[in-house]
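query_37.cif follows (mmCIF, C-alpha atoms):
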data_data
#
loop_
_atom_site.group_PDB
_atom_site.id
_atom_site.type_symbol
_atom_site.label_atom_id
_atom_site.label_comp_id
_atom_site.auth_asym_id
_atom_site.auth_seq_id
_atom_site.Cartn_x
_atom_site.Cartn_y
_atom_site.Cartn_z
ATOM 1 C CA MET A 1 16.803 9.928 4.830
ATOM 2 C CA THR A 2 14.288 9.820 2.003
ATOM 3 C CA LYS A 3 15.689 8.590 -1.301
ATOM 4 C CA ALA A 4 13.969 8.957 -4.645
ATOM 5 C CA GLY A 5 15.278 6.113 -6.755
ATOM 6 C CA HIS A 6 13.284 5.329 -9.866
ATOM 7 C CA LEU A 7 10.883 2.413 -9.382
ATOM 8 C CA GLY A 8 8.361 2.765 -12.163
ATOM 9 C CA ALA A 9 10.388 1.967 -15.262
ATOM 10 C CA THR A 10 10.203 -1.786 -14.832
ATOM 11 C CA TRP A 11 6.394 -1.857 -14.863
ATOM 12 C CA GLY A 12 4.514 -2.483 -18.144
ATOM 13 C CA ARG A 13 3.579 -0.382 -21.131
ATOM 14 C CA SER A 14 0.330 0.545 -22.827
ATOM 15 C CA PRO A 15 -0.957 3.337 -25.124
ATOM 16 C CA LYS A 16 -0.419 6.877 -23.767
ATOM 17 C CA ARG A 17 -3.721 8.185 -22.498
ATOM 18 C CA HIS A 18 -5.212 9.231 -19.190
ATOM 19 C CA GLN A 19 -8.237 6.946 -19.395
ATOM 20 C CA PRO A 20 -6.932 3.539 -18.233
ATOM 21 C CA PRO A 21 -7.043 1.086 -21.153
ATOM 22 C CA ALA A 22 -8.799 -2.256 -20.960
ATOM 23 C CA ARG A 23 -5.534 -4.191 -21.028
ATOM 24 C CA SER A 24 -2.061 -3.498 -19.632
ATOM 25 C CA ARG A 25 1.331 -5.083 -19.232
ATOM 26 C CA HIS A 26 2.531 -6.304 -15.865
ATOM 27 C CA ALA A 27 6.038 -7.710 -15.419
ATOM 28 C CA GLY A 28 6.215 -8.496 -19.144
ATOM 29 C CA ARG A 29 2.754 -10.096 -19.412
ATOM 30 C CA VAL A 30 -0.406 -8.687 -20.960
ATOM 31 C CA ILE A 31 -3.130 -8.941 -18.332
ATOM 32 C CA ASP A 32 -6.853 -8.548 -18.806
ATOM 33 C CA LYS A 33 -8.463 -6.503 -16.034
ATOM 34 C CA GLU A 34 -11.599 -8.623 -16.432
ATOM 35 C CA ALA A 35 -9.711 -11.584 -14.921
ATOM 36 C CA PRO A 36 -9.215 -10.560 -11.267
ATOM 37 C CA ALA A 37 -8.141 -14.055 -10.235
ATOM 38 C CA MET A 38 -4.945 -13.570 -12.265
ATOM 39 C CA VAL A 39 -3.777 -10.227 -10.874
ATOM 40 C CA ASP A 40 -4.974 -7.458 -8.589
ATOM 41 C CA VAL A 41 -3.000 -4.504 -9.973
ATOM 42 C CA GLU A 42 -2.813 -3.163 -13.508
ATOM 43 C CA THR A 43 0.124 -1.026 -14.619
ATOM 44 C CA HIS A 44 0.318 1.449 -17.468
ATOM 45 C CA GLU A 45 2.787 3.633 -19.391
ATOM 46 C CA PRO A 46 5.962 4.410 -17.377
ATOM 47 C CA GLY A 47 7.135 8.019 -17.531
ATOM 48 C CA HIS A 48 3.757 9.379 -18.636
ATOM 49 C CA TYR A 49 1.437 9.827 -15.656
ATOM 50 C CA THR A 50 1.825 12.527 -12.999
ATOM 51 C CA VAL A 51 0.426 13.055 -9.519
ATOM 52 C CA ALA A 52 -1.766 15.818 -10.973
ATOM 53 C CA ASP A 53 -3.403 13.266 -13.280
ATOM 54 C CA LEU A 54 -4.942 11.544 -10.265
ATOM 55 C CA GLU A 55 -7.476 14.372 -10.064
ATOM 56 C CA THR A 56 -8.793 13.447 -13.529
ATOM 57 C CA PHE A 57 -9.671 9.793 -12.948
ATOM 58 C CA PRO A 58 -13.256 8.689 -12.194
ATOM 59 C CA ASP A 59 -14.543 7.953 -8.707
ATOM 60 C CA ASP A 60 -15.321 4.353 -9.658
ATOM 61 C CA GLY A 61 -14.243 2.442 -6.575
ATOM 62 C CA LYS A 62 -10.805 1.624 -7.980
ATOM 63 C CA ARG A 63 -7.573 2.834 -6.426
ATOM 64 C CA TYR A 64 -5.352 4.982 -8.668
ATOM 65 C CA GLU A 65 -1.709 5.487 -7.694
ATOM 66 C CA VAL A 66 1.316 6.953 -9.497
ATOM 67 C CA VAL A 67 4.920 5.861 -8.975
ATOM 68 C CA ASP A 68 7.568 7.653 -11.045
ATOM 69 C CA GLY A 69 5.221 8.050 -14.027
ATOM 70 C CA THR A 70 3.699 4.573 -13.816
ATOM 71 C CA LEU A 71 -0.020 4.310 -13.120
ATOM 72 C CA LEU A 72 -1.185 1.550 -10.761
ATOM 73 C CA VAL A 73 -4.889 0.677 -10.845
ATOM 74 C CA THR A 74 -6.338 -1.623 -8.187
ATOM 75 C CA PRO A 75 -9.905 -2.952 -8.542
ATOM 76 C CA ALA A 76 -12.514 -2.387 -5.847
ATOM 77 C CA PRO A 77 -11.697 -4.609 -2.853
ATOM 78 C CA LEU A 78 -13.428 -7.842 -1.932
ATOM 79 C CA PRO A 79 -15.335 -8.262 1.372
ATOM 80 C CA VAL A 80 -12.529 -10.364 2.919
ATOM 81 C CA HIS A 81 -10.075 -7.562 2.126
ATOM 82 C CA GLN A 82 -12.258 -4.901 3.703
ATOM 83 C CA THR A 83 -12.926 -7.078 6.753
ATOM 84 C CA ALA A 84 -9.194 -7.343 7.398
ATOM 85 C CA VAL A 85 -8.669 -3.602 6.914
ATOM 86 C CA VAL A 86 -11.451 -2.721 9.359
ATOM 87 C CA GLU A 87 -10.328 -5.232 11.998
ATOM 88 C CA LEU A 88 -6.748 -3.986 11.764
ATOM 89 C CA ALA A 89 -7.883 -0.373 11.992
ATOM 90 C CA VAL A 90 -9.930 -1.100 15.120
ATOM 91 C CA ALA A 91 -7.045 -2.937 16.775
ATOM 92 C CA LEU A 92 -4.592 -0.144 16.006
ATOM 93 C CA ARG A 93 -6.971 2.681 16.900
ATOM 94 C CA GLU A 94 -7.584 1.225 20.346
ATOM 95 C CA ARG A 95 -3.875 1.438 21.169
ATOM 96 C CA CYS A 96 -2.914 4.516 19.172
ATOM 97 C CA PRO A 97 -1.341 7.291 21.304
ATOM 98 C CA GLU A 98 -2.691 10.833 21.106
ATOM 99 C CA ASP A 99 0.198 12.149 19.046
ATOM 100 C CA GLN A 100 -0.415 9.638 16.244
ATOM 101 C CA LYS A 101 -3.241 9.000 13.758
ATOM 102 C CA VAL A 102 -4.615 5.873 12.077
ATOM 103 C CA PHE A 103 -6.068 6.193 8.563
ATOM 104 C CA ILE A 104 -7.574 3.714 6.103
ATOM 105 C CA ALA A 105 -7.573 4.159 2.324
ATOM 106 C CA PRO A 106 -8.147 6.350 0.487
ATOM 107 C CA MET A 107 -5.531 8.639 2.049
ATOM 108 C CA ASP A 108 -2.820 9.939 -0.256
ATOM 109 C CA TYR A 109 0.764 9.436 0.823
ATOM 110 C CA GLN A 110 3.114 11.489 -1.377
ATOM 111 C CA PRO A 111 6.717 11.022 -0.244
ATOM 112 C CA THR A 112 8.059 12.684 -3.414
ATOM 113 C CA PRO A 113 6.522 14.902 -6.142
ATOM 114 C CA THR A 114 6.374 11.892 -8.506
ATOM 115 C CA ARG A 115 4.905 9.320 -6.113
ATOM 116 C CA SER A 116 1.389 9.124 -4.723
ATOM 117 C CA VAL A 117 0.148 5.900 -3.150
ATOM 118 C CA GLN A 118 -2.701 4.884 -0.865
ATOM 119 C CA PRO A 119 -1.790 2.217 1.687
ATOM 120 C CA ASP A 120 -4.766 0.138 2.817
ATOM 121 C CA LEU A 121 -3.980 1.429 6.296
ATOM 122 C CA LEU A 122 -1.365 3.778 7.709
ATOM 123 C CA VAL A 123 -0.165 5.293 10.967
ATOM 124 C CA CYS A 124 1.525 8.680 11.031
ATOM 125 C CA ARG A 125 2.379 11.464 13.445
ATOM 126 C CA ARG A 126 -0.587 13.746 14.024
ATOM 127 C CA GLN A 127 1.536 16.776 13.182
ATOM 128 C CA ASP A 128 2.362 15.336 9.735
ATOM 129 C CA VAL A 129 -1.260 15.227 8.503
ATOM 130 C CA GLY A 130 -1.773 17.785 5.744
ATOM 131 C CA TYR A 131 -4.991 19.168 4.317
ATOM 132 C CA LYS A 132 -5.164 16.632 1.457
ATOM 133 C CA LYS A 133 -2.147 14.357 1.848
ATOM 134 C CA ILE A 134 0.743 13.166 3.973
ATOM 135 C CA GLU A 135 4.298 13.778 2.834
ATOM 136 C CA LYS A 136 6.488 12.990 5.852
ATOM 137 C CA PRO A 137 7.673 9.387 6.473
ATOM 138 C CA LEU A 138 4.930 7.152 7.867
ATOM 139 C CA LEU A 139 5.329 5.209 11.090
ATOM 140 C CA LEU A 140 3.462 2.243 9.574
ATOM 141 C CA ALA A 141 2.072 1.284 6.170
ATOM 142 C CA VAL A 142 -0.148 -1.787 5.781
ATOM 143 C CA GLU A 143 -1.178 -3.498 2.554
ATOM 144 C CA VAL A 144 -3.791 -6.280 2.516
ATOM 145 C CA LEU A 145 -3.371 -8.696 -0.386
ATOM 146 C CA SER A 146 -6.303 -9.538 -2.631
ATOM 147 C CA GLN A 147 -7.083 -12.789 -4.456
ATOM 148 C CA SER A 148 -3.642 -13.285 -5.959
ATOM 149 C CA PRO A 149 -0.050 -12.519 -4.928
ATOM 150 C CA SER A 150 0.646 -8.846 -5.659
ATOM 151 C CA LEU A 151 4.065 -7.887 -6.962
ATOM 152 C CA ALA A 152 3.093 -4.264 -6.394
ATOM 153 C CA ASP A 153 2.692 -4.854 -2.648
ATOM 154 C CA ARG A 154 5.540 -7.322 -2.150
ATOM 155 C CA ILE A 155 8.167 -5.658 -4.361
ATOM 156 C CA LEU A 156 7.282 -2.219 -5.737
ATOM 157 C CA LYS A 157 5.697 -0.798 -2.599
ATOM 158 C CA ARG A 158 8.214 -2.473 -0.333
ATOM 159 C CA HIS A 159 11.004 -0.561 -2.067
ATOM 160 C CA LEU A 160 8.957 2.636 -2.220
ATOM 161 C CA TYR A 161 8.208 2.606 1.518
ATOM 162 C CA GLU A 162 11.791 1.618 2.261
ATOM 163 C CA GLN A 163 13.157 4.535 0.263
ATOM 164 C CA ALA A 164 10.643 6.918 1.846
ATOM 165 C CA GLY A 165 11.786 6.000 5.349
ATOM 166 C CA VAL A 166 8.511 4.366 6.441
ATOM 167 C CA THR A 167 9.442 2.794 9.778
ATOM 168 C CA SER A 168 7.326 -0.370 9.513
ATOM 169 C CA TYR A 169 5.597 -2.141 6.632
ATOM 170 C CA TRP A 170 3.077 -4.920 7.234
ATOM 171 C CA ILE A 171 1.739 -7.188 4.483
ATOM 172 C CA PHE A 172 -1.345 -9.191 5.403
ATOM 173 C CA ASP A 173 -2.523 -12.151 3.325
ATOM 174 C CA PRO A 174 -6.124 -12.906 4.418
ATOM 175 C CA GLY A 175 -6.302 -16.094 2.342
ATOM 176 C CA ASN A 176 -3.469 -17.660 4.338
ATOM 177 C CA GLU A 177 -4.099 -15.683 7.540
ATOM 178 C CA GLU A 178 -0.479 -14.550 7.354
ATOM 179 C CA LEU A 179 1.077 -11.291 8.570
ATOM 180 C CA THR A 180 4.570 -10.343 7.377
ATOM 181 C CA VAL A 181 6.286 -7.613 9.386
ATOM 182 C CA LEU A 182 9.126 -5.537 7.921
ATOM 183 C CA GLU A 183 10.991 -2.856 9.873
ATOM 184 C CA LEU A 184 13.721 -0.442 8.884
ATOM 185 C CA ASP A 185 17.236 -1.299 9.967
ATOM 186 C CA GLY A 186 19.259 1.666 8.816
ATOM 187 C CA ASP A 187 17.893 2.368 5.338
ATOM 188 C CA MET A 188 16.754 -1.177 4.507
ATOM 189 C CA TYR A 189 13.858 -3.374 5.615
ATOM 190 C CA VAL A 190 14.487 -6.522 7.581
ATOM 191 C CA GLU A 191 11.876 -9.196 8.182
ATOM 192 C CA ARG A 192 10.980 -9.088 11.873
ATOM 193 C CA ALA A 193 8.214 -11.674 11.882
ATOM 194 C CA VAL A 194 5.914 -13.865 9.809
ATOM 195 C CA VAL A 195 2.879 -14.808 11.910
ATOM 196 C CA THR A 196 0.001 -17.061 10.874
ATOM 197 C CA GLY A 197 -3.383 -18.234 12.156
ATOM 198 C CA LYS A 198 -3.982 -17.948 15.890
ATOM 199 C CA ASN A 199 -0.370 -17.080 16.658
ATOM 200 C CA ALA A 200 -0.102 -13.560 18.050
ATOM 201 C CA PHE A 201 2.266 -10.827 16.909
ATOM 202 C CA GLU A 202 3.242 -8.528 19.775
ATOM 203 C CA ALA A 203 4.160 -5.333 17.949
ATOM 204 C CA GLU A 204 6.368 -2.667 19.496
ATOM 205 C CA LEU A 205 6.275 -0.336 16.499
ATOM 206 C CA PRO A 206 4.668 2.050 15.923
ATOM 207 C CA PHE A 207 3.306 1.345 19.433
ATOM 208 C CA PRO A 208 2.582 -1.779 21.489
ATOM 209 C CA VAL A 209 -0.345 -3.726 20.044
ATOM 210 C CA ARG A 210 -1.295 -7.413 19.783
ATOM 211 C CA ILE A 211 -2.332 -8.711 16.356
ATOM 212 C CA VAL A 212 -3.719 -12.212 15.740
ATOM 213 C CA PRO A 213 -4.003 -12.904 11.975
ATOM 214 C CA ALA A 214 -6.969 -15.299 12.282
ATOM 215 C CA ASP A 215 -8.954 -12.623 14.116
ATOM 216 C CA LEU A 216 -8.669 -10.266 11.146
ATOM 217 C CA VAL A 217 -10.798 -12.425 8.829
ATOM 218 C CA ILE A 218 -13.708 -13.316 11.129
#
Rewrite the structure from the file as structure tokens, please.
Amino acid sequence: MTKAGHLGATWGRSPKRHQPPARSRHAGRVIDKEAPAMVDVETHEPGHYTVADLETFPDDGKRYEVVDGTLLVTPAPLPVHQTAVVELAVALRERCPEDQKVFIAPMDYQPTPTRSVQPDLLVCRRQDVGYKKIEKPLLLAVEVLSQSPSLADRILKRHLYEQAGVTSYWIFDPGNEELTVLELDGDMYVERAVVTGKNAFEAELPFPVRIVPADLVI
């Protein structure tokens, strides 16, 4: 069952305005967006931004997401990030059954009226694909980490996908060639596997597929 607990209030504060400011707070620290080696997600004023605001932001290569009023801004991805996304998409698409679909970002997933996120890659039921977005629980969400550890991917989005009833959540770290696999057990995620390098992960969900982390960064 989908739950809509508040996730955004713990993420930083900045002046109220729809144009993302040059600096923001993240987990209590002020972070300069011009220093991508420090962080890969900026956060802005909790309780202020809405899903409708996403239509007003520029098409500048950044990813804009809203979680319970908090704006998440992710810089344009690096080549290693995009390589991993494409290789994962190819591997999944080759095994995807006809009643399911594989998408890569940007594809809006809106599990509640106050949450709109764009997983790097997702798998859903074909019948759940809407004209502009997907609202029903995903079968798989995948996030590929950038240069630095992302609290948004490891904590915020983990809880968001968990509450939304997303069956499986994969986190891939291309720098360490590491795939972390989380699957729902009841209404909570459990860690099913952590696979690195040339070791293969034989997935059963959302469908049988073999993933080798080292092959995703070639």
### Message
The residues within 7 Å of (0.1, 0.8, 9.3), using only C-alpha atoms and the coordinates of the file, should be reported as a PyMOL selection string; which are they?
### Response
chain A and resi 121-123+140-142+169-170
Preceding selection exported with C-alpha atoms as a tab-separated table (two decimals), in the coordinates of the input:
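Wrote it out as selection-v1.tsv, contents follow:
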chain	number	residue	atom	x	y	z
A	121	LEU	CA	-3.98	1.43	6.30
A	122	LEU	CA	-1.36	3.78	7.71
A	123	VAL	CA	-0.16	5.29	10.97
A	140	LEU	CA	3.46	2.24	9.57
A	141	ALA	CA	2.07	1.28	6.17
A	142	VAL	CA	-0.15	-1.79	5.78
A	169	TYR	CA	5.60	-2.14	6.63
A	170	TRP	CA	3.08	-4.92	7.23
Place a sphere of radius 12 Å on (-2.2, -16.3, 13.2) in the file coordinates and name every protein, DNA or RNA residue with an atom inside or on its surface, counting all atoms listed in the file; give the answer as a compact mmCIF listing (two decimals) with C-alpha atoms, keeping the file's coordinate frame.
# COMPACT_ATOMS: atom_id res chain seq x y z
CA PHE A 172 -1.34 -9.19 5.40
CA ASP A 173 -2.52 -12.15 3.32
CA PRO A 174 -6.12 -12.91 4.42
CA GLY A 175 -6.30 -16.09 2.34
CA ASN A 176 -3.47 -17.66 4.34
CA GLU A 177 -4.10 -15.68 7.54
CA GLU A 178 -0.48 -14.55 7.35
CA LEU A 179 1.08 -11.29 8.57
CA THR A 180 4.57 -10.34 7.38
CA ALA A 193 8.21 -11.67 11.88
CA VAL A 194 5.91 -13.86 9.81
CA VAL A 195 2.88 -14.81 11.91
CA THR A 196 0.00 -17.06 10.87
CA GLY A 197 -3.38 -18.23 12.16
CA LYS A 198 -3.98 -17.95 15.89
CA ASN A 199 -0.37 -17.08 16.66
CA ALA A 200 -0.10 -13.56 18.05
CA PHE A 201 2.27 -10.83 16.91
CA GLU A 202 3.24 -8.53 19.77
CA ARG A 210 -1.30 -7.41 19.78
CA ILE A 211 -2.33 -8.71 16.36
CA VAL A 212 -3.72 -12.21 15.74
CA PRO A 213 -4.00 -12.90 11.98
CA ALA A 214 -6.97 -15.30 12.28
CA ASP A 215 -8.95 -12.62 14.12
CA LEU A 216 -8.67 -10.27 11.15
CA VAL A 217 -10.80 -12.42 8.83
### Message
For the provided coordinates, the residues matched by the PyMOL selection byres ((chain A and resi 144) around 6) should be stated as a list in words.
### Response
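This file, filtered by the PyMOL selection byres ((chain A and resi 144) around 6), leaves Glu143, Leu145, Ile171 and Phe172 of chain A.
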Output of the above residues as a JSON list (two decimals), keeping the file's coordinate frame, restricted to C-alpha atoms:
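Done, and the output landed in out_18.json:
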[["chain", "number", "residue", "atom", "x", "y", "z"],
["A", 143, "GLU", "CA", -1.18, -3.50, 2.55],
["A", 145, "LEU", "CA", -3.37, -8.70, -0.39],
["A", 171, "ILE", "CA", 1.74, -7.19, 4.48],
["A", 172, "PHE", "CA", -1.34, -9.19, 5.40]]
#### Entry: Ground truth for the PyMOL selection byres ((chain A and resi 207) around 10), written as a ChimeraX atom specification
/A:92,95-97,100,123,139-140,202-206,208-210
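Run against this file, the PyMOL selection byres ((chain A and resi 118-120) around 9) gives back Arg63, Tyr64, Glu65, Val85, Phe103, Ile104, Ala105, Pro106, Met107, Asp108, Tyr109, Gln110, Ser116, Val117, Leu121, Leu122, Ala141, Val142, Glu143 and Val144 of chain A.
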### Task
Work out how far atom CA of Tyr189 of chain A is from atom CA of Thr167 of chain A, in Å to one decimal.
8.7 Å
### Task
Pick out the closest residue to Arg93 of chain A from this set: A:Cys124, A:Ile218, A:Ile155, A:Leu138. Count only C-alpha atoms.
A:Cys124
#### Entry: Nearest to Val190 of chain A by atom-to-atom distance, counting all atoms listed in the file, from A:His81, A:Arg115, A:Arg126, A:His159
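Comparing A:His81, A:Arg115, A:Arg126, A:His159 against Val190 of chain A, the winner is A:His159.
Atom CA of Val67 of chain A is positioned 8.5 Å from atom CA of Tyr49 of chain A.
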#### Entry: Point-to-point distance from atom CA of Thr114 of chain A to atom CA of Ala52 of chain A, Å rounded to tenths
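Straight-line distance from atom CA of Thr114 of chain A to atom CA of Ala52 of chain A works out to 9.4 Å.
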### Query
Between A:Leu182, A:Thr56, A:His48, A:Val73, which is the closest to Arg154 of chain A once you count only C-alpha atoms?
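Using only C-alpha atoms, Arg154 of chain A sits closest to A:Leu182.
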